[in-house]
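A.B. asks: Input: one structure, supplied below.
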Amino acid sequence: MKNLPLHVKIVIGLVLGIVWAFISSALGWNTFTITWIDPFGVIFIRLLKFIAVPLVLFSIISGVSGLSDVSKLGRLGGKTLGAYLITTVTAVGLGLLLVNLVKPGDFVEKDQRVKNRISFELWLEGEGMGLPQDGQSYLSDPQYQHLITDAQKANQLSEKDKAEVAKRIASAQKQKEVSPLQFIVDMVPENVVLSISNNGLMLQVIFFSIFFGITLVMVPEEKKKPVVDFIQSINEVFLKMVNMVMNAAPFFVFALLAGVIAKMADTPAEVFEIFLGLGSYSLTLVAGLFFLVFAFYPLVLKIFVPKLTYKEFFKNMSPAQFLAFSTSSSAATLPVTMECVEDNMGVSKNISSFVLPVGATVNMDGTSLYQAVAVVFLAQLHMVDLTFTQQLVIVLTATLASIGAAATPSAGLVMMIIVLQSVGLNPAWVAIIFPVDRILDMCRTVVNVTGDATVSTLIAKSEGELSKY
């Protein structure tokens, strides 16, 4: 076991965690798993998160202060945001293409979809929003009158779902009411100590780090040298911490996966039921995510970095990808992503320390694709035909929403409420996909992290700072 590569050990831990969860649920040991095994998974995520912010802070300062030409930073920023925007729009476009071709919502039996449609029209009536945009009215059609009572019952959410939906809608409403420039305002910290202590304020940490680094470049050499040396030394300490934590990653991943599945269901049959209930939607989404990871990103890299082989790319990035799957958090995976990109891909610290933290905050390709697939699937499930214009609105809203999505588990659900409301659909529909969201979130995070690594490699190649290739 000692001679096995780290990514193989992580896969073994991941598989054993899933196997253990099924055994414990079958034998009624879920309470034991949640009480005595899951806490180690929580500790793992906390370890990675507490390392992430200081690592971003010191690595960006170290990278920016090492630039001899500050104008290079502007070029780097433009390239980075441009590349992230292209990959995000591609992801949304792919999601819409897939969901319109496969039509996963049509796999549900027609009677159920008609009931869903009537419940949608009842919701529109209750909200005073008039007729649906497609001009059809099932409520006034005599052949469907007998389904109205069933549809009204179906509109009643459980108390738990009501509370969850209300919480997500409140978050989305808050997000919608802010000024268009609030995103820029939120980048500037009021109190840098507060920003560093909060993982949700990563953009503020990035802003401060870049500003500090630029200022350091302008200070005379003899005065800045002690500060630069100190920052580089501290940075090395945090990188060493990442190594130490990753040595125990296989065990932590085992605990994390065992706990996640144990919390989802009390029996193995319940876990399978969750996936069977939304199978067509899940398969469509996973197909899109797989295409991005195994076809789109490697193809783009092959075009611009011909020496990097398909096999090498996945060998280099697999520790970060498996960790992303386990944690469902781009922010928690960031320290490992940086290590993989720098040590395995050969990207310089100047590039990785700037591109990857920005990516973990604003680049959410997996989340964008998920929003496109989920919104159209929910519309199909309710027999709502979205127009071409409405689907263009989805592209725009999903792209902008992904920039604001926090790099934490299930933040995409809040963003999806905004996308649903932008095309006149019921935000409470997010409750339909709650059951499978956690597992699919793990898959989306793998895409987000792989996208960040791809863009980082491309930027490094364009700047001549990709030493291995």
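If you're wondering about the labels, chains in the structure tokens are A, B, ... by order shown, residues count from 1 in each chain, ligands from 1 in order shown.
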Using only C-alpha atoms, find each residue of region 217-244 of chain A with at least one atom at most 9 Å away from an atom of region 322-339 of chain A; report its shortest atom-to-atom pair and that distance in Å (one decimal), sort the rows by chain and rising residue number, and return the result as a Markdown table.
C.D. replies:
| residue | atom | partner | partner_atom | distance |
| --- | --- | --- | --- | --- |
| A:Phe238 | CA | A:Pro335 | CA | 8.9 |
| A:Leu239 | CA | A:Pro335 | CA | 7.7 |
| A:Val242 | CA | A:Pro335 | CA | 6.5 |
| A:Asn243 | CA | A:Val336 | CA | 8.5 |
A.B. asks: Write out as a tab-separated table (two decimals) with all heavy atoms, in the first residue's frame each polymer residue whose atoms come within 9 Å of region 52-66 of chain A, counting only C-alpha atoms; drop sequence neighbours fewer than 4 positions from it.
C.D. replies:
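Dumped everything to part_27.tsv:
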chain	number	residue	atom	x	y	z
A	47	LEU	N	-10.01	21.09	7.93
A	47	LEU	CA	-8.55	21.24	7.74
A	47	LEU	C	-8.24	21.91	6.41
A	47	LEU	O	-7.43	22.84	6.34
A	47	LEU	CB	-7.88	19.86	7.80
A	47	LEU	CG	-7.66	19.23	9.18
A	47	LEU	CD1	-7.22	17.78	9.03
A	47	LEU	CD2	-6.62	20.00	9.98
A	48	LEU	N	-8.90	21.44	5.35
A	48	LEU	CA	-8.66	21.99	4.02
A	48	LEU	C	-9.13	23.44	3.93
A	48	LEU	O	-8.48	24.29	3.32
A	48	LEU	CB	-9.37	21.15	2.96
A	48	LEU	CG	-8.76	19.76	2.71
A	48	LEU	CD1	-9.68	18.93	1.84
A	48	LEU	CD2	-7.38	19.88	2.07
A	70	VAL	N	4.14	45.22	-13.62
A	70	VAL	CA	2.78	45.17	-13.05
A	70	VAL	C	1.72	45.10	-14.15
A	70	VAL	O	0.64	44.54	-13.95
A	70	VAL	CB	2.53	46.41	-12.14
A	70	VAL	CG1	1.12	46.38	-11.57
A	70	VAL	CG2	3.54	46.42	-11.00
A	73	LEU	N	-0.04	41.85	-14.91
A	73	LEU	CA	-1.16	41.42	-14.08
A	73	LEU	C	-2.49	41.72	-14.77
A	73	LEU	O	-3.42	40.93	-14.73
A	73	LEU	CB	-1.09	42.10	-12.71
A	73	LEU	CG	-2.08	41.60	-11.65
A	73	LEU	CD1	-1.79	40.16	-11.30
A	73	LEU	CD2	-2.01	42.48	-10.41
A	196	ILE	N	-10.50	37.48	5.97
A	196	ILE	CA	-9.62	36.30	6.07
A	196	ILE	C	-10.26	35.22	6.94
A	196	ILE	O	-10.04	34.03	6.73
A	196	ILE	CB	-8.23	36.71	6.63
A	196	ILE	CG1	-7.50	37.57	5.57
A	196	ILE	CG2	-7.38	35.51	6.99
A	196	ILE	CD1	-6.26	38.27	6.09
A	197	SER	N	-11.08	35.65	7.90
A	197	SER	CA	-11.68	34.68	8.82
A	197	SER	C	-12.96	34.05	8.26
A	197	SER	O	-13.56	33.19	8.90
A	197	SER	CB	-12.01	35.36	10.16
A	197	SER	OG	-13.02	36.33	9.98
A	198	ASN	N	-13.37	34.46	7.05
A	198	ASN	CA	-14.62	33.95	6.48
A	198	ASN	C	-14.37	33.38	5.08
A	198	ASN	O	-14.04	34.12	4.16
A	198	ASN	CB	-15.64	35.10	6.41
A	198	ASN	CG	-17.02	34.64	5.96
A	198	ASN	OD1	-17.17	33.57	5.37
A	198	ASN	ND2	-18.03	35.46	6.22
A	199	ASN	N	-14.53	32.06	4.94
A	199	ASN	CA	-14.28	31.41	3.64
A	199	ASN	C	-15.20	31.91	2.54
A	199	ASN	O	-14.89	31.80	1.36
A	199	ASN	CB	-14.47	29.89	3.77
A	199	ASN	CG	-13.18	29.21	4.18
A	199	ASN	OD1	-12.35	29.81	4.85
A	199	ASN	ND2	-13.00	27.96	3.80
A	202	MET	N	-13.90	35.01	-0.12
A	202	MET	CA	-12.65	34.72	-0.83
A	202	MET	C	-12.27	35.82	-1.83
A	202	MET	O	-11.09	36.15	-1.99
A	202	MET	CB	-12.76	33.38	-1.56
A	202	MET	CG	-11.48	32.90	-2.18
A	202	MET	SD	-10.28	32.31	-0.98
A	202	MET	CE	-10.81	30.62	-0.78
A	205	VAL	N	-10.43	38.53	-0.14
A	205	VAL	CA	-9.05	38.11	0.16
A	205	VAL	C	-8.19	38.24	-1.10
A	205	VAL	O	-7.06	38.72	-1.04
A	205	VAL	CB	-9.02	36.65	0.69
A	205	VAL	CG1	-7.59	36.18	0.90
A	205	VAL	CG2	-9.81	36.54	1.99
A	206	ILE	N	-8.74	37.83	-2.25
A	206	ILE	CA	-8.02	37.93	-3.52
A	206	ILE	C	-7.72	39.40	-3.84
A	206	ILE	O	-6.60	39.75	-4.24
A	206	ILE	CB	-8.83	37.27	-4.67
A	206	ILE	CG1	-8.91	35.75	-4.45
A	206	ILE	CG2	-8.21	37.57	-6.04
A	206	ILE	CD1	-9.91	35.05	-5.36
A	208	PHE	N	-7.50	41.98	-1.75
A	208	PHE	CA	-6.48	42.49	-0.83
A	208	PHE	C	-5.09	41.96	-1.19
A	208	PHE	O	-4.11	42.71	-1.19
A	208	PHE	CB	-6.83	42.09	0.61
A	208	PHE	CG	-5.73	42.38	1.59
A	208	PHE	CD1	-5.47	43.67	2.03
A	208	PHE	CD2	-4.91	41.34	2.06
A	208	PHE	CE1	-4.43	43.93	2.92
A	208	PHE	CE2	-3.87	41.60	2.94
A	208	PHE	CZ	-3.63	42.89	3.38
A	209	SER	N	-5.02	40.67	-1.53
A	209	SER	CA	-3.73	40.05	-1.87
A	209	SER	C	-3.10	40.70	-3.10
A	209	SER	O	-1.91	41.00	-3.11
A	209	SER	CB	-3.92	38.55	-2.14
A	209	SER	OG	-4.57	37.92	-1.08
A	210	ILE	N	-3.93	40.93	-4.13
A	210	ILE	CA	-3.41	41.56	-5.37
A	210	ILE	C	-2.96	42.99	-5.07
A	210	ILE	O	-1.88	43.42	-5.50
A	210	ILE	CB	-4.50	41.54	-6.48
A	210	ILE	CG1	-4.78	40.10	-6.92
A	210	ILE	CG2	-4.08	42.39	-7.68
A	210	ILE	CD1	-5.99	39.96	-7.83
A	211	PHE	N	-3.78	43.72	-4.32
A	211	PHE	CA	-3.45	45.12	-3.98
A	211	PHE	C	-2.16	45.19	-3.16
A	211	PHE	O	-1.27	46.01	-3.41
A	211	PHE	CB	-4.63	45.72	-3.21
A	211	PHE	CG	-4.55	47.22	-3.02
A	211	PHE	CD1	-3.99	48.04	-3.99
A	211	PHE	CD2	-5.04	47.82	-1.87
A	211	PHE	CE1	-3.91	49.42	-3.83
A	211	PHE	CE2	-4.97	49.19	-1.68
A	211	PHE	CZ	-4.41	49.99	-2.67
A	212	PHE	N	-2.04	44.30	-2.19
A	212	PHE	CA	-0.85	44.23	-1.34
A	212	PHE	C	0.38	43.89	-2.19
A	212	PHE	O	1.46	44.49	-2.04
A	212	PHE	CB	-1.06	43.18	-0.24
A	212	PHE	CG	-0.02	43.21	0.85
A	212	PHE	CD1	-0.27	43.87	2.05
A	212	PHE	CD2	1.21	42.58	0.70
A	212	PHE	CE1	0.68	43.89	3.07
A	212	PHE	CE2	2.17	42.60	1.70
A	212	PHE	CZ	1.90	43.26	2.90
A	213	GLY	N	0.22	42.90	-3.08
A	213	GLY	CA	1.34	42.46	-3.93
A	213	GLY	C	1.81	43.56	-4.86
A	213	GLY	O	3.02	43.78	-5.04
A	214	ILE	N	0.84	44.29	-5.49
A	214	ILE	CA	1.20	45.41	-6.40
A	214	ILE	C	1.95	46.49	-5.63
A	214	ILE	O	2.95	47.04	-6.10
A	214	ILE	CB	-0.08	45.99	-7.07
A	214	ILE	CG1	-0.65	44.97	-8.06
A	214	ILE	CG2	0.22	47.30	-7.79
A	214	ILE	CD1	-2.02	45.34	-8.61
A	215	THR	N	1.43	46.81	-4.43
A	215	THR	CA	2.08	47.84	-3.60
A	215	THR	C	3.50	47.42	-3.24
A	215	THR	O	4.43	48.23	-3.26
A	215	THR	CB	1.27	48.08	-2.30
A	215	THR	OG1	-0.10	48.29	-2.64
A	215	THR	CG2	1.79	49.28	-1.53
A	216	LEU	N	3.68	46.13	-2.97
A	216	LEU	CA	4.99	45.61	-2.61
A	216	LEU	C	5.99	45.77	-3.76
A	216	LEU	O	7.17	46.04	-3.54
A	216	LEU	CB	4.84	44.13	-2.22
A	216	LEU	CG	5.81	43.55	-1.18
A	216	LEU	CD1	5.84	44.39	0.08
A	216	LEU	CD2	5.41	42.12	-0.85
A	217	VAL	N	5.50	45.60	-5.00
A	217	VAL	CA	6.37	45.76	-6.17
A	217	VAL	C	6.93	47.18	-6.24
A	217	VAL	O	8.07	47.41	-6.67
A	217	VAL	CB	5.59	45.43	-7.48
A	217	VAL	CG1	6.41	45.77	-8.72
A	217	VAL	CG2	5.21	43.95	-7.52
A	218	MET	N	6.12	48.16	-5.80
A	218	MET	CA	6.49	49.58	-5.90
A	218	MET	C	7.40	50.05	-4.77
A	218	MET	O	7.93	51.16	-4.82
A	218	MET	CB	5.22	50.43	-5.95
A	218	MET	CG	4.34	50.14	-7.15
A	218	MET	SD	2.79	51.04	-7.07
A	218	MET	CE	2.06	50.59	-8.65
A	228	VAL	N	8.90	40.10	1.59
A	228	VAL	CA	8.76	39.06	0.56
A	228	VAL	C	9.29	37.72	1.06
A	228	VAL	O	8.64	36.68	0.89
A	228	VAL	CB	9.49	39.48	-0.74
A	228	VAL	CG1	9.51	38.32	-1.75
A	228	VAL	CG2	8.81	40.70	-1.37
A	229	ASP	N	10.45	37.73	1.71
A	229	ASP	CA	11.04	36.50	2.26
A	229	ASP	C	10.12	35.86	3.30
A	229	ASP	O	9.92	34.64	3.32
A	229	ASP	CB	12.41	36.78	2.89
A	229	ASP	CG	13.46	37.09	1.84
A	229	ASP	OD1	13.21	36.80	0.65
A	229	ASP	OD2	14.53	37.63	2.21
A	231	ILE	N	6.80	36.27	3.57
A	231	ILE	CA	5.59	35.77	2.91
A	231	ILE	C	5.87	34.45	2.19
A	231	ILE	O	5.08	33.50	2.27
A	231	ILE	CB	5.02	36.83	1.94
A	231	ILE	CG1	4.35	37.94	2.75
A	231	ILE	CG2	4.02	36.22	0.95
A	231	ILE	CD1	4.02	39.19	2.00
A	232	GLN	N	7.01	34.37	1.51
A	232	GLN	CA	7.35	33.13	0.80
A	232	GLN	C	7.57	31.97	1.76
A	232	GLN	O	7.19	30.83	1.49
A	232	GLN	CB	8.59	33.36	-0.07
A	232	GLN	CG	8.28	34.21	-1.31
A	232	GLN	CD	9.50	34.51	-2.14
A	232	GLN	OE1	10.64	34.34	-1.70
A	232	GLN	NE2	9.29	34.99	-3.36
A	234	ILE	N	6.18	31.69	4.82
A	234	ILE	CA	4.86	31.32	5.35
A	234	ILE	C	4.10	30.47	4.32
A	234	ILE	O	3.44	29.48	4.65
A	234	ILE	CB	4.03	32.60	5.69
A	234	ILE	CG1	4.62	33.29	6.91
A	234	ILE	CG2	2.57	32.25	5.94
A	234	ILE	CD1	4.30	32.64	8.24
A	235	ASN	N	4.22	30.87	3.04
A	235	ASN	CA	3.56	30.14	1.97
A	235	ASN	C	4.04	28.68	1.93
A	235	ASN	O	3.25	27.75	1.74
A	235	ASN	CB	3.84	30.83	0.63
A	235	ASN	CG	2.90	30.36	-0.47
A	235	ASN	OD1	1.72	30.12	-0.23
A	235	ASN	ND2	3.43	30.20	-1.67
A	238	PHE	N	2.38	26.59	4.66
A	238	PHE	CA	1.02	26.16	4.35
A	238	PHE	C	1.00	25.06	3.28
A	238	PHE	O	0.16	24.16	3.32
A	238	PHE	CB	0.16	27.36	3.92
A	238	PHE	CG	-0.36	28.14	5.10
A	238	PHE	CD1	0.22	29.33	5.47
A	238	PHE	CD2	-1.40	27.66	5.87
A	238	PHE	CE1	-0.24	30.05	6.57
A	238	PHE	CE2	-1.88	28.36	6.98
A	238	PHE	CZ	-1.29	29.56	7.33
A	239	LEU	N	1.92	25.14	2.32
A	239	LEU	CA	2.02	24.07	1.32
A	239	LEU	C	2.41	22.75	1.98
A	239	LEU	O	1.94	21.67	1.60
A	239	LEU	CB	3.05	24.45	0.25
A	239	LEU	CG	2.61	25.53	-0.74
A	239	LEU	CD1	3.78	25.97	-1.61
A	239	LEU	CD2	1.47	25.04	-1.62
A	331	ALA	N	-13.64	25.36	-2.86
A	331	ALA	CA	-12.78	26.09	-1.92
A	331	ALA	C	-11.96	25.13	-1.07
A	331	ALA	O	-10.75	25.33	-0.87
A	331	ALA	CB	-13.63	26.99	-1.03
A	332	ALA	N	-12.60	24.05	-0.59
A	332	ALA	CA	-11.88	23.08	0.24
A	332	ALA	C	-10.82	22.33	-0.57
A	332	ALA	O	-9.77	21.95	-0.05
A	332	ALA	CB	-12.86	22.09	0.85
A	333	THR	N	-11.09	22.15	-1.87
A	333	THR	CA	-10.16	21.41	-2.73
A	333	THR	C	-9.02	22.29	-3.24
A	333	THR	O	-8.01	21.78	-3.74
A	333	THR	CB	-10.93	20.82	-3.95
A	333	THR	OG1	-12.11	20.17	-3.46
A	333	THR	CG2	-10.11	19.79	-4.71
A	334	LEU	N	-9.18	23.63	-3.11
A	334	LEU	CA	-8.21	24.58	-3.70
A	334	LEU	C	-6.75	24.31	-3.35
A	334	LEU	O	-5.89	24.31	-4.25
A	334	LEU	CB	-8.61	26.01	-3.31
A	334	LEU	CG	-7.77	27.14	-3.90
A	334	LEU	CD1	-7.78	27.10	-5.42
A	334	LEU	CD2	-8.26	28.50	-3.41
A	335	PRO	N	-6.40	24.06	-2.08
A	335	PRO	CA	-4.98	23.80	-1.78
A	335	PRO	C	-4.40	22.62	-2.57
A	335	PRO	O	-3.26	22.68	-3.04
A	335	PRO	CB	-4.98	23.50	-0.28
A	335	PRO	CG	-6.21	24.15	0.25
A	335	PRO	CD	-7.21	24.04	-0.85
A	349	LYS	N	4.07	29.27	-10.12
A	349	LYS	CA	3.29	29.77	-8.98
A	349	LYS	C	2.68	31.13	-9.29
A	349	LYS	O	1.61	31.47	-8.78
A	349	LYS	CB	4.18	29.86	-7.74
A	349	LYS	CG	4.44	28.51	-7.10
A	349	LYS	CD	5.14	28.64	-5.76
A	349	LYS	CE	5.36	27.26	-5.15
A	349	LYS	NZ	6.03	27.31	-3.84
A	350	ASN	N	3.36	31.92	-10.11
A	350	ASN	CA	2.84	33.24	-10.49
A	350	ASN	C	1.46	33.11	-11.14
A	350	ASN	O	0.56	33.91	-10.88
A	350	ASN	CB	3.77	33.94	-11.51
A	350	ASN	CG	5.01	34.50	-10.84
A	350	ASN	OD1	5.10	34.53	-9.62
A	350	ASN	ND2	5.96	34.92	-11.65
A	351	ILE	N	1.30	32.09	-11.96
A	351	ILE	CA	0.04	31.88	-12.67
A	351	ILE	C	-0.98	31.19	-11.77
A	351	ILE	O	-2.10	31.67	-11.60
A	351	ILE	CB	0.25	31.02	-13.95
A	351	ILE	CG1	1.26	31.68	-14.89
A	351	ILE	CG2	-1.08	30.78	-14.67
A	351	ILE	CD1	0.85	32.98	-15.50
A	352	SER	N	-0.59	30.06	-11.17
A	352	SER	CA	-1.55	29.28	-10.38
A	352	SER	C	-2.09	30.05	-9.18
A	352	SER	O	-3.27	29.94	-8.85
A	352	SER	CB	-0.91	27.97	-9.90
A	352	SER	OG	0.12	28.23	-8.99
A	353	SER	N	-1.25	30.83	-8.55
A	353	SER	CA	-1.67	31.55	-7.34
A	353	SER	C	-2.67	32.66	-7.65
A	353	SER	O	-3.38	33.13	-6.76
A	353	SER	CB	-0.46	32.14	-6.60
A	353	SER	OG	0.20	33.08	-7.43
A	354	PHE	N	-2.75	33.06	-8.91
A	354	PHE	CA	-3.74	34.08	-9.30
A	354	PHE	C	-4.96	33.42	-9.95
A	354	PHE	O	-6.10	33.68	-9.57
A	354	PHE	CB	-3.11	35.08	-10.28
A	354	PHE	CG	-4.08	36.10	-10.81
A	354	PHE	CD1	-4.47	37.18	-10.04
A	354	PHE	CD2	-4.65	35.95	-12.07
A	354	PHE	CE1	-5.39	38.11	-10.52
A	354	PHE	CE2	-5.57	36.86	-12.56
A	354	PHE	CZ	-5.94	37.95	-11.77
A	356	LEU	N	-6.12	30.17	-10.11
A	356	LEU	CA	-6.92	29.15	-9.41
A	356	LEU	C	-7.84	29.73	-8.32
A	356	LEU	O	-9.01	29.36	-8.25
A	356	LEU	CB	-6.01	28.06	-8.83
A	356	LEU	CG	-5.38	27.14	-9.87
A	356	LEU	CD1	-4.39	26.18	-9.22
A	356	LEU	CD2	-6.43	26.35	-10.64
A	357	PRO	N	-7.35	30.65	-7.45
A	357	PRO	CA	-8.28	31.23	-6.46
A	357	PRO	C	-9.44	31.99	-7.11
A	357	PRO	O	-10.57	31.93	-6.64
A	357	PRO	CB	-7.38	32.17	-5.65
A	357	PRO	CG	-6.01	31.63	-5.82
A	357	PRO	CD	-5.97	31.08	-7.21
A.B. asks: At a cut-off of 9 Å, using only C-alpha atoms, what residues contact Ala83 (chain A)? Leave out same-chain residues fewer than 6 positions from it and give the result as a VMD selection string.
C.D. replies: chain A and resid 455 458 to 459
A.B. asks: Skip Asn247 (chain A) itself and residues of its chain fewer than 6 positions away, then list as a list in words all residues within 12 Å of it, counting only C-alpha atoms.
C.D. replies: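 Near Asn247 (chain A), the qualifying residues are Lys2, Leu4, Pro5, Leu6, His7, Lys9, Ile10, Phe44, Lys240, Met241, Val253, Pro319 and Val336 of chain A.
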A.B. asks: So that I can see what lies close to region 311-315 of chain A, please list as a PyMOL selection string the residues with an atom at most 9 Å from it, counting only C-alpha atoms and leaving out residues fewer than 3 positions away in the same chain.
C.D. replies: chain A and resi 7+298+301+308+318-319+321+344-345
A.B. asks: Keeping N, CA, C and O atoms, export the residues of the selection given above as an mmCIF file, in the first residue's frame.
C.D. replies:
data_model
loop_
_atom_site.group_PDB
_atom_site.id
_atom_site.type_symbol
_atom_site.label_atom_id
_atom_site.label_comp_id
_atom_site.auth_asym_id
_atom_site.auth_seq_id
_atom_site.Cartn_x
_atom_site.Cartn_y
_atom_site.Cartn_z
ATOM 1 N N HIS A 7 -3.386 9.155 -5.664
ATOM 2 C CA HIS A 7 -4.736 9.149 -6.252
ATOM 3 C C HIS A 7 -5.362 7.753 -6.200
ATOM 4 O O HIS A 7 -6.573 7.621 -6.057
ATOM 5 N N PRO A 298 -9.897 17.969 -22.140
ATOM 6 C CA PRO A 298 -8.704 17.355 -22.749
ATOM 7 C C PRO A 298 -8.485 17.780 -24.206
ATOM 8 O O PRO A 298 -7.349 17.963 -24.641
ATOM 9 N N LEU A 301 -7.033 21.288 -24.282
ATOM 10 C CA LEU A 301 -5.625 21.218 -23.879
ATOM 11 C C LEU A 301 -4.755 20.610 -24.976
ATOM 12 O O LEU A 301 -3.627 21.046 -25.197
ATOM 13 N N LEU A 308 1.041 17.520 -23.911
ATOM 14 C CA LEU A 308 0.324 16.950 -22.761
ATOM 15 C C LEU A 308 -0.620 15.863 -23.250
ATOM 16 O O LEU A 308 -1.581 16.129 -23.968
ATOM 17 N N SER A 318 -5.788 13.852 -10.973
ATOM 18 C CA SER A 318 -6.706 12.937 -10.274
ATOM 19 C C SER A 318 -6.805 13.153 -8.756
ATOM 20 O O SER A 318 -7.911 13.055 -8.210
ATOM 21 N N PRO A 319 -5.708 13.463 -8.026
ATOM 22 C CA PRO A 319 -5.899 13.692 -6.579
ATOM 23 C C PRO A 319 -6.889 14.818 -6.285
ATOM 24 O O PRO A 319 -7.754 14.685 -5.415
ATOM 25 N N GLN A 321 -9.269 15.894 -8.341
ATOM 26 C CA GLN A 321 -10.597 15.512 -8.821
ATOM 27 C C GLN A 321 -11.311 14.593 -7.829
ATOM 28 O O GLN A 321 -12.504 14.783 -7.544
ATOM 29 N N ASN A 344 2.513 18.838 -10.642
ATOM 30 C CA ASN A 344 2.297 17.811 -11.668
ATOM 31 C C ASN A 344 2.194 18.374 -13.084
ATOM 32 O O ASN A 344 2.701 17.781 -14.026
ATOM 33 N N MET A 345 1.508 19.526 -13.222
ATOM 34 C CA MET A 345 1.323 20.112 -14.554
ATOM 35 C C MET A 345 2.475 21.037 -14.947
ATOM 36 O O MET A 345 2.665 21.333 -16.124
#
A.B. asks: Pick out the closest residue to Leu97 (chain A) from this set: A:Val260, A:Ile12, A:Ala248, A:Val373. Count only C-alpha atoms.
C.D. replies: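 Among the listed residues, A:Val373 lies closest to Leu97 (chain A).
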